[in-house]
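Structure file upload_10.cif (mmCIF, N, CA and C atoms) follows.
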data_upload
loop_
_atom_site.label_atom_id
_atom_site.label_comp_id
_atom_site.auth_asym_id
_atom_site.auth_seq_id
_atom_site.Cartn_x
_atom_site.Cartn_y
_atom_site.Cartn_z
N GLN A 1 -14.96 87.84 124.75
CA GLN A 1 -14.93 86.58 124.01
C GLN A 1 -15.22 85.43 124.98
N VAL A 2 -16.10 84.54 124.55
CA VAL A 2 -16.46 83.38 125.36
C VAL A 2 -16.10 82.12 124.60
N GLN A 3 -15.36 81.24 125.25
CA GLN A 3 -15.05 79.94 124.65
C GLN A 3 -15.79 78.85 125.40
N LEU A 4 -16.35 77.91 124.63
CA LEU A 4 -17.14 76.83 125.21
C LEU A 4 -16.49 75.50 124.84
N VAL A 5 -16.29 74.66 125.83
CA VAL A 5 -15.67 73.35 125.61
C VAL A 5 -16.62 72.27 126.10
N GLU A 6 -17.04 71.44 125.16
CA GLU A 6 -18.01 70.38 125.46
C GLU A 6 -17.32 69.05 125.68
N SER A 7 -17.99 68.17 126.41
CA SER A 7 -17.51 66.80 126.59
C SER A 7 -18.69 65.92 126.96
N GLY A 8 -18.49 64.61 126.82
CA GLY A 8 -19.49 63.68 127.30
C GLY A 8 -20.28 62.94 126.24
N GLY A 9 -20.07 63.26 124.97
CA GLY A 9 -20.80 62.52 123.94
C GLY A 9 -20.29 61.10 123.80
N GLY A 10 -20.97 60.32 122.96
CA GLY A 10 -20.53 58.96 122.74
C GLY A 10 -21.62 58.11 122.13
N LEU A 11 -21.39 56.80 122.18
CA LEU A 11 -22.32 55.82 121.63
C LEU A 11 -23.02 55.10 122.77
N VAL A 12 -24.34 55.00 122.68
CA VAL A 12 -25.12 54.35 123.73
C VAL A 12 -26.28 53.62 123.09
N GLN A 13 -26.73 52.57 123.73
CA GLN A 13 -27.89 51.84 123.23
C GLN A 13 -29.18 52.57 123.60
N ALA A 14 -30.21 52.33 122.83
CA ALA A 14 -31.50 52.93 123.13
C ALA A 14 -31.92 52.57 124.55
N GLY A 15 -32.45 53.58 125.25
CA GLY A 15 -32.82 53.40 126.65
C GLY A 15 -31.73 53.78 127.62
N GLY A 16 -30.55 54.00 127.11
CA GLY A 16 -29.41 54.35 127.96
C GLY A 16 -29.35 55.83 128.29
N SER A 17 -28.26 56.20 128.95
CA SER A 17 -28.10 57.58 129.41
C SER A 17 -26.71 58.11 129.07
N LEU A 18 -26.64 59.41 128.89
CA LEU A 18 -25.38 60.12 128.72
C LEU A 18 -25.50 61.46 129.42
N ARG A 19 -24.36 61.99 129.82
CA ARG A 19 -24.32 63.32 130.42
C ARG A 19 -23.32 64.18 129.68
N LEU A 20 -23.81 65.29 129.13
CA LEU A 20 -22.96 66.24 128.44
C LEU A 20 -22.57 67.37 129.38
N SER A 21 -21.36 67.87 129.19
CA SER A 21 -20.89 69.01 129.97
C SER A 21 -20.37 70.08 129.03
N CYS A 22 -20.49 71.31 129.46
CA CYS A 22 -19.98 72.44 128.67
C CYS A 22 -19.43 73.48 129.63
N ALA A 23 -18.13 73.72 129.52
CA ALA A 23 -17.48 74.70 130.39
C ALA A 23 -17.22 75.98 129.61
N ALA A 24 -17.60 77.10 130.20
CA ALA A 24 -17.41 78.41 129.57
C ALA A 24 -16.19 79.10 130.16
N SER A 25 -15.46 79.81 129.29
CA SER A 25 -14.25 80.50 129.75
C SER A 25 -14.56 81.81 130.45
N ALA A 26 -15.73 82.38 130.17
CA ALA A 26 -16.06 83.69 130.72
C ALA A 26 -16.75 83.55 132.06
N SER A 27 -16.81 84.63 132.79
CA SER A 27 -17.47 84.61 134.09
C SER A 27 -18.98 84.66 133.92
N GLY A 28 -19.67 84.31 134.95
CA GLY A 28 -21.13 84.28 134.89
C GLY A 28 -21.74 85.64 134.65
N SER A 29 -21.03 86.71 134.97
CA SER A 29 -21.59 88.04 134.77
C SER A 29 -21.66 88.40 133.30
N VAL A 30 -20.90 87.68 132.46
CA VAL A 30 -20.90 87.97 131.03
C VAL A 30 -21.98 87.16 130.32
N ILE A 31 -22.33 86.01 130.88
CA ILE A 31 -23.26 85.10 130.23
C ILE A 31 -24.64 85.22 130.85
N ARG A 32 -25.62 85.36 129.98
CA ARG A 32 -27.00 85.47 130.44
C ARG A 32 -27.68 84.10 130.54
N ALA A 33 -27.48 83.27 129.54
CA ALA A 33 -28.11 81.96 129.52
C ALA A 33 -27.19 80.97 128.82
N MET A 34 -27.31 79.71 129.20
CA MET A 34 -26.56 78.64 128.54
C MET A 34 -27.51 77.51 128.20
N GLY A 35 -27.20 76.82 127.12
CA GLY A 35 -28.09 75.75 126.72
C GLY A 35 -27.48 74.82 125.69
N TRP A 36 -28.35 74.01 125.11
CA TRP A 36 -27.92 72.99 124.15
C TRP A 36 -28.83 72.99 122.93
N TYR A 37 -28.21 72.82 121.78
CA TYR A 37 -28.89 72.60 120.53
C TYR A 37 -28.34 71.30 119.94
N ARG A 38 -29.02 70.78 118.94
CA ARG A 38 -28.53 69.59 118.26
C ARG A 38 -28.84 69.66 116.78
N GLN A 39 -28.02 68.94 116.01
CA GLN A 39 -28.22 68.88 114.57
C GLN A 39 -27.99 67.47 114.09
N ALA A 40 -29.04 66.87 113.56
CA ALA A 40 -28.96 65.53 113.00
C ALA A 40 -28.60 65.63 111.52
N PRO A 41 -28.05 64.57 110.95
CA PRO A 41 -27.67 64.60 109.53
C PRO A 41 -28.84 64.98 108.64
N GLY A 42 -28.63 65.95 107.78
CA GLY A 42 -29.66 66.37 106.84
C GLY A 42 -30.75 67.24 107.43
N LYS A 43 -30.60 67.62 108.69
CA LYS A 43 -31.62 68.44 109.34
C LYS A 43 -31.02 69.74 109.85
N GLU A 44 -31.88 70.70 110.14
CA GLU A 44 -31.43 71.96 110.68
C GLU A 44 -31.13 71.82 112.18
N ARG A 45 -30.29 72.73 112.66
CA ARG A 45 -30.00 72.74 114.08
C ARG A 45 -31.27 73.10 114.84
N GLU A 46 -31.53 72.38 115.94
CA GLU A 46 -32.75 72.62 116.71
C GLU A 46 -32.44 72.80 118.19
N PHE A 47 -33.30 73.54 118.83
CA PHE A 47 -33.19 73.82 120.25
C PHE A 47 -33.48 72.55 121.06
N VAL A 48 -32.70 72.34 122.12
CA VAL A 48 -32.93 71.21 123.01
C VAL A 48 -33.35 71.71 124.40
N ALA A 49 -32.53 72.53 125.02
CA ALA A 49 -32.83 73.02 126.36
C ALA A 49 -31.93 74.20 126.68
N ASP A 50 -32.40 75.07 127.59
CA ASP A 50 -31.53 76.13 128.08
C ASP A 50 -31.91 76.50 129.51
N MET A 51 -31.00 77.26 130.14
CA MET A 51 -31.23 77.69 131.51
C MET A 51 -30.65 79.08 131.69
N SER A 52 -31.43 79.96 132.29
CA SER A 52 -30.98 81.33 132.53
C SER A 52 -30.13 81.40 133.80
N ASN A 53 -29.56 82.57 134.02
CA ASN A 53 -28.77 82.79 135.24
C ASN A 53 -29.62 82.65 136.49
N LEU A 54 -30.93 82.87 136.34
CA LEU A 54 -31.84 82.76 137.47
C LEU A 54 -32.31 81.33 137.70
N GLY A 55 -31.89 80.43 136.83
CA GLY A 55 -32.26 79.03 137.02
C GLY A 55 -33.52 78.61 136.30
N ASN A 56 -34.08 79.49 135.49
CA ASN A 56 -35.27 79.14 134.72
C ASN A 56 -34.86 78.30 133.51
N SER A 57 -35.52 77.18 133.33
CA SER A 57 -35.17 76.26 132.25
C SER A 57 -36.29 76.11 131.24
N ASN A 58 -35.90 75.78 130.01
CA ASN A 58 -36.83 75.51 128.93
C ASN A 58 -36.38 74.25 128.20
N TYR A 59 -37.34 73.49 127.70
CA TYR A 59 -37.03 72.26 127.00
C TYR A 59 -37.84 72.15 125.71
N ALA A 60 -37.26 71.51 124.73
CA ALA A 60 -38.02 71.14 123.55
C ALA A 60 -39.00 70.04 123.94
N ASP A 61 -40.16 70.02 123.30
CA ASP A 61 -41.17 69.02 123.63
C ASP A 61 -40.64 67.60 123.46
N SER A 62 -39.75 67.43 122.51
CA SER A 62 -39.26 66.09 122.20
C SER A 62 -38.37 65.50 123.29
N VAL A 63 -37.88 66.33 124.21
CA VAL A 63 -36.98 65.83 125.25
C VAL A 63 -37.54 66.00 126.66
N LYS A 64 -38.69 66.64 126.77
CA LYS A 64 -39.27 66.86 128.10
C LYS A 64 -39.50 65.53 128.81
N GLY A 65 -39.13 65.49 130.08
CA GLY A 65 -39.30 64.27 130.87
C GLY A 65 -38.15 63.29 130.73
N ARG A 66 -37.27 63.51 129.76
CA ARG A 66 -36.13 62.60 129.55
C ARG A 66 -34.79 63.31 129.79
N PHE A 67 -34.70 64.57 129.42
CA PHE A 67 -33.47 65.34 129.55
C PHE A 67 -33.62 66.34 130.69
N THR A 68 -32.51 66.60 131.37
CA THR A 68 -32.49 67.59 132.44
C THR A 68 -31.26 68.47 132.29
N ILE A 69 -31.49 69.78 132.26
CA ILE A 69 -30.39 70.72 132.16
C ILE A 69 -30.10 71.28 133.55
N SER A 70 -28.83 71.50 133.83
CA SER A 70 -28.44 72.09 135.10
C SER A 70 -27.20 72.95 134.90
N ARG A 71 -26.97 73.87 135.83
CA ARG A 71 -25.81 74.76 135.73
C ARG A 71 -25.09 74.80 137.06
N ASP A 72 -23.78 74.90 136.98
CA ASP A 72 -22.94 75.19 138.14
C ASP A 72 -22.32 76.54 137.87
N ASN A 73 -22.93 77.59 138.41
CA ASN A 73 -22.48 78.94 138.10
C ASN A 73 -21.06 79.20 138.62
N ALA A 74 -20.69 78.53 139.70
CA ALA A 74 -19.34 78.73 140.23
C ALA A 74 -18.28 78.21 139.27
N LYS A 75 -18.64 77.18 138.49
CA LYS A 75 -17.72 76.60 137.52
C LYS A 75 -18.01 77.06 136.10
N ASN A 76 -19.02 77.91 135.93
CA ASN A 76 -19.42 78.37 134.59
C ASN A 76 -19.65 77.18 133.67
N THR A 77 -20.33 76.18 134.18
CA THR A 77 -20.53 74.94 133.44
C THR A 77 -22.01 74.59 133.39
N VAL A 78 -22.44 74.12 132.24
CA VAL A 78 -23.81 73.65 132.07
C VAL A 78 -23.77 72.17 131.72
N TYR A 79 -24.74 71.43 132.22
CA TYR A 79 -24.81 70.00 132.00
C TYR A 79 -26.14 69.64 131.34
N LEU A 80 -26.12 68.54 130.60
CA LEU A 80 -27.35 68.00 130.04
C LEU A 80 -27.37 66.51 130.35
N GLN A 81 -28.23 66.12 131.28
CA GLN A 81 -28.40 64.71 131.60
C GLN A 81 -29.47 64.16 130.68
N MET A 82 -29.09 63.15 129.89
CA MET A 82 -30.00 62.59 128.90
C MET A 82 -30.31 61.15 129.27
N ASN A 83 -31.56 60.90 129.59
CA ASN A 83 -32.01 59.56 129.96
C ASN A 83 -33.00 59.03 128.92
N SER A 84 -33.22 57.73 128.95
CA SER A 84 -34.17 57.09 128.03
C SER A 84 -33.91 57.51 126.59
N LEU A 85 -32.67 57.46 126.20
CA LEU A 85 -32.29 57.92 124.87
C LEU A 85 -32.90 57.07 123.78
N LYS A 86 -33.24 57.73 122.68
CA LYS A 86 -33.86 57.10 121.53
C LYS A 86 -32.96 57.27 120.31
N PRO A 87 -33.09 56.40 119.32
CA PRO A 87 -32.28 56.58 118.10
C PRO A 87 -32.45 57.96 117.47
N GLU A 88 -33.64 58.53 117.58
CA GLU A 88 -33.88 59.86 116.99
C GLU A 88 -33.19 60.98 117.76
N ASP A 89 -32.57 60.67 118.90
CA ASP A 89 -31.76 61.66 119.61
C ASP A 89 -30.35 61.75 119.03
N THR A 90 -30.02 60.86 118.11
CA THR A 90 -28.70 60.88 117.48
C THR A 90 -28.48 62.19 116.74
N ALA A 91 -27.40 62.88 117.09
CA ALA A 91 -27.10 64.19 116.51
C ALA A 91 -25.77 64.68 117.06
N VAL A 92 -25.30 65.76 116.47
CA VAL A 92 -24.20 66.51 117.08
C VAL A 92 -24.84 67.54 118.02
N TYR A 93 -24.42 67.52 119.26
CA TYR A 93 -24.96 68.42 120.26
C TYR A 93 -24.01 69.60 120.46
N TYR A 94 -24.57 70.80 120.38
CA TYR A 94 -23.79 72.03 120.50
C TYR A 94 -24.18 72.79 121.76
N CYS A 95 -23.19 73.19 122.49
CA CYS A 95 -23.41 74.07 123.63
C CYS A 95 -23.56 75.51 123.12
N ASN A 96 -24.46 76.24 123.74
CA ASN A 96 -24.71 77.63 123.36
C ASN A 96 -24.68 78.51 124.59
N ALA A 97 -24.12 79.69 124.44
CA ALA A 97 -24.15 80.68 125.52
C ALA A 97 -24.56 82.02 124.93
N ASP A 98 -25.50 82.67 125.57
CA ASP A 98 -25.92 84.01 125.16
C ASP A 98 -25.31 85.01 126.13
N SER A 99 -24.55 85.96 125.60
CA SER A 99 -23.94 86.96 126.47
C SER A 99 -24.95 88.03 126.84
N VAL A 100 -24.65 88.80 127.86
CA VAL A 100 -25.54 89.87 128.27
C VAL A 100 -25.63 90.94 127.19
N ALA A 101 -24.63 90.98 126.29
CA ALA A 101 -24.66 91.92 125.17
C ALA A 101 -25.50 91.40 124.02
N GLY A 102 -26.01 90.18 124.16
CA GLY A 102 -26.89 89.64 123.13
C GLY A 102 -26.19 88.82 122.07
N ARG A 103 -24.90 88.59 122.22
CA ARG A 103 -24.16 87.82 121.22
C ARG A 103 -24.16 86.34 121.60
N PRO A 104 -24.46 85.46 120.63
CA PRO A 104 -24.42 84.02 120.91
C PRO A 104 -23.03 83.44 120.67
N TYR A 105 -22.68 82.47 121.47
CA TYR A 105 -21.43 81.73 121.29
C TYR A 105 -21.76 80.25 121.19
N TRP A 106 -20.90 79.51 120.46
CA TRP A 106 -21.14 78.10 120.22
C TRP A 106 -19.90 77.28 120.53
N GLY A 107 -20.14 76.06 121.04
CA GLY A 107 -19.06 75.11 121.20
C GLY A 107 -18.79 74.40 119.89
N GLN A 108 -17.82 73.49 119.92
CA GLN A 108 -17.41 72.80 118.70
C GLN A 108 -18.33 71.63 118.37
N GLY A 109 -19.15 71.23 119.31
CA GLY A 109 -20.08 70.12 119.08
C GLY A 109 -19.53 68.80 119.58
N THR A 110 -20.43 67.94 120.05
CA THR A 110 -20.04 66.61 120.49
C THR A 110 -21.07 65.61 119.96
N GLN A 111 -20.60 64.51 119.41
CA GLN A 111 -21.47 63.54 118.76
C GLN A 111 -22.14 62.64 119.78
N VAL A 112 -23.45 62.49 119.64
CA VAL A 112 -24.22 61.53 120.43
C VAL A 112 -24.87 60.56 119.44
N THR A 113 -24.59 59.29 119.60
CA THR A 113 -25.16 58.27 118.74
C THR A 113 -25.90 57.25 119.58
N VAL A 114 -27.17 57.05 119.26
CA VAL A 114 -28.00 56.10 119.99
C VAL A 114 -28.36 54.95 119.05
N SER A 115 -27.92 53.76 119.38
CA SER A 115 -28.19 52.60 118.53
C SER A 115 -29.48 51.92 118.97
N SER A 116 -30.16 51.34 118.00
CA SER A 116 -31.44 50.69 118.29
C SER A 116 -31.25 49.23 118.66
#
Since I need it in another form, could you write the structure as structure tokens?
Amino acid sequence: QVQLVESGGGLVQAGGSLRLSCAASASGSVIRAMGWYRQAPGKEREFVADMSNLGNSNYADSVKGRFTISRDNAKNTVYLQMNSLKPEDTAVYYCNADSVAGRPYWGQGTQVTVSS
């Protein structure tokens, strides 16, 4: 069982920055990849970014060049640095972890609101 605890959401003006954190309860040997998804009101949950245990990262086109994902494997924590935020980035952001057994785990979500 993997538990994910997110922090760092909040309200920011357009052009501002926020940093999200997600700490996993399990050891790195159990988790294959960690990442972030988001869900805006009335929309489906969408992929934002992820990073494998080897450090390979992927980003949605909508956040490339603005968001940076990083991991601290010693702390089993993944971060999402969000710069140049836009109102369309407003959503609930969910941390995701994929176990080596192929099972996905989700955090409780943290609200990010970007005002224009």
Item to check | Neighbour list for segment 40-42 of chain A as a list in words, cut-off 6 Å, only N, CA and C atoms, skip fewer than 2 positions in-chain | outcome: Arg38, Glu44, Arg45, Thr90, Ala91 and Val92 of chain A
Adding 4 Å on each side of the box along x, y and z that holds all listed atoms of segment 41-50 of chain A, could you give its centre and edge lengths in Å to one decimal, as JSON?
{"center_x": -30.6, "center_y": 70.5, "center_z": 118.2, "size_x": 13.8, "size_y": 19.9, "size_z": 30.7}
Checklist entry - Applied to this file, what does the PyMOL selection byres (((chain A and resi 67 and name CA) around 10) and name CA) return in terms of residues, put as a list in words? => result Ser17, Leu18, Arg19, Val48, Ala49, Tyr59, Ala60, Ser62, Val63, Lys64, Gly65, Arg66, Thr68, Ile69, Leu80, Gln81, Met82, Asn83, Ser84 and Leu85 of chain A
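For the structure shown here, the set of residues caught by the PyMOL selection byres (((chain A and resi 100-116 and name CA) around 7) and name CA) is Val2, Leu4, Val5, Glu6, Ser7, Gly9, Gly10, Leu11, Val12, Gln13, Ala14, Val30, Ile31, Arg32, Leu85, Lys86, Pro87, Asp89, Thr90, Ala91, Val92, Tyr93, Tyr94, Cys95, Asn96, Ala97, Asp98 and Ser99 of chain A.
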Next on the checklist: Can you tell me, as a count of residues only, which residues in chain A count as strand (DSSP E or B) by DSSP?
Outcome noted: 64
Checklist entry - Just how far from atom CA of Ala24 of chain A is atom CA of Gln3 of chain A, in Å to one decimal? => result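 These two atoms are separated by 5.7 Å.
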Next on the checklist: Just to confirm, what's the straight-line distance from atom CA of Gly16 of chain A to atom CA of Met34 of chain A in Å (one decimal)?
Outcome noted: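 These two atoms are separated by 24.5 Å.
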Just so the selection is clear, what residues does the PyMOL selection byres (((chain A and resi 73 and name CA) around 12) and name CA) cover here, as a compact mmCIF listing (two decimals) with N, CA and C atoms, in the coordinates of the input?
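The resulting file, out10.txt, is reproduced below:
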# COMPACT_ATOMS: atom_id res chain seq x y z
N CYS A 22 -20.49 71.31 129.46
CA CYS A 22 -19.98 72.44 128.67
C CYS A 22 -19.43 73.48 129.63
N ALA A 23 -18.13 73.72 129.52
CA ALA A 23 -17.48 74.70 130.39
C ALA A 23 -17.22 75.98 129.61
N ALA A 24 -17.60 77.10 130.20
CA ALA A 24 -17.41 78.41 129.57
C ALA A 24 -16.19 79.10 130.16
N SER A 25 -15.46 79.81 129.29
CA SER A 25 -14.25 80.50 129.75
C SER A 25 -14.56 81.81 130.45
N ALA A 26 -15.73 82.38 130.17
CA ALA A 26 -16.06 83.69 130.72
C ALA A 26 -16.75 83.55 132.06
N SER A 27 -16.81 84.63 132.79
CA SER A 27 -17.47 84.61 134.09
C SER A 27 -18.98 84.66 133.92
N GLY A 28 -19.67 84.31 134.95
CA GLY A 28 -21.13 84.28 134.89
C GLY A 28 -21.74 85.64 134.65
N SER A 29 -21.03 86.71 134.97
CA SER A 29 -21.59 88.04 134.77
C SER A 29 -21.66 88.40 133.30
N VAL A 30 -20.90 87.68 132.46
CA VAL A 30 -20.90 87.97 131.03
C VAL A 30 -21.98 87.16 130.32
N ILE A 31 -22.33 86.01 130.88
CA ILE A 31 -23.26 85.10 130.23
C ILE A 31 -24.64 85.22 130.85
N ARG A 32 -25.62 85.36 129.98
CA ARG A 32 -27.00 85.47 130.44
C ARG A 32 -27.68 84.10 130.54
N ALA A 33 -27.48 83.27 129.54
CA ALA A 33 -28.11 81.96 129.52
C ALA A 33 -27.19 80.97 128.82
N MET A 34 -27.31 79.71 129.20
CA MET A 34 -26.56 78.64 128.54
C MET A 34 -27.51 77.51 128.20
N MET A 51 -31.00 77.26 130.14
CA MET A 51 -31.23 77.69 131.51
C MET A 51 -30.65 79.08 131.69
N SER A 52 -31.43 79.96 132.29
CA SER A 52 -30.98 81.33 132.53
C SER A 52 -30.13 81.40 133.80
N ASN A 53 -29.56 82.57 134.02
CA ASN A 53 -28.77 82.79 135.24
C ASN A 53 -29.62 82.65 136.49
N LEU A 54 -30.93 82.87 136.34
CA LEU A 54 -31.84 82.76 137.47
C LEU A 54 -32.31 81.33 137.70
N GLY A 55 -31.89 80.43 136.83
CA GLY A 55 -32.26 79.03 137.02
C GLY A 55 -33.52 78.61 136.30
N SER A 70 -28.83 71.50 133.83
CA SER A 70 -28.44 72.09 135.10
C SER A 70 -27.20 72.95 134.90
N ARG A 71 -26.97 73.87 135.83
CA ARG A 71 -25.81 74.76 135.73
C ARG A 71 -25.09 74.80 137.06
N ASP A 72 -23.78 74.90 136.98
CA ASP A 72 -22.94 75.19 138.14
C ASP A 72 -22.32 76.54 137.87
N ALA A 74 -20.69 78.53 139.70
CA ALA A 74 -19.34 78.73 140.23
C ALA A 74 -18.28 78.21 139.27
N LYS A 75 -18.64 77.18 138.49
CA LYS A 75 -17.72 76.60 137.52
C LYS A 75 -18.01 77.06 136.10
N ASN A 76 -19.02 77.91 135.93
CA ASN A 76 -19.42 78.37 134.59
C ASN A 76 -19.65 77.18 133.67
N THR A 77 -20.33 76.18 134.18
CA THR A 77 -20.53 74.94 133.44
C THR A 77 -22.01 74.59 133.39
N VAL A 78 -22.44 74.12 132.24
CA VAL A 78 -23.81 73.65 132.07
C VAL A 78 -23.77 72.17 131.72
N TYR A 79 -24.74 71.43 132.22
CA TYR A 79 -24.81 70.00 132.00
C TYR A 79 -26.14 69.64 131.34
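In this structure, atom C of Tyr37 of chain A sits 14.0 Å away from atom N of Glu88 of chain A.
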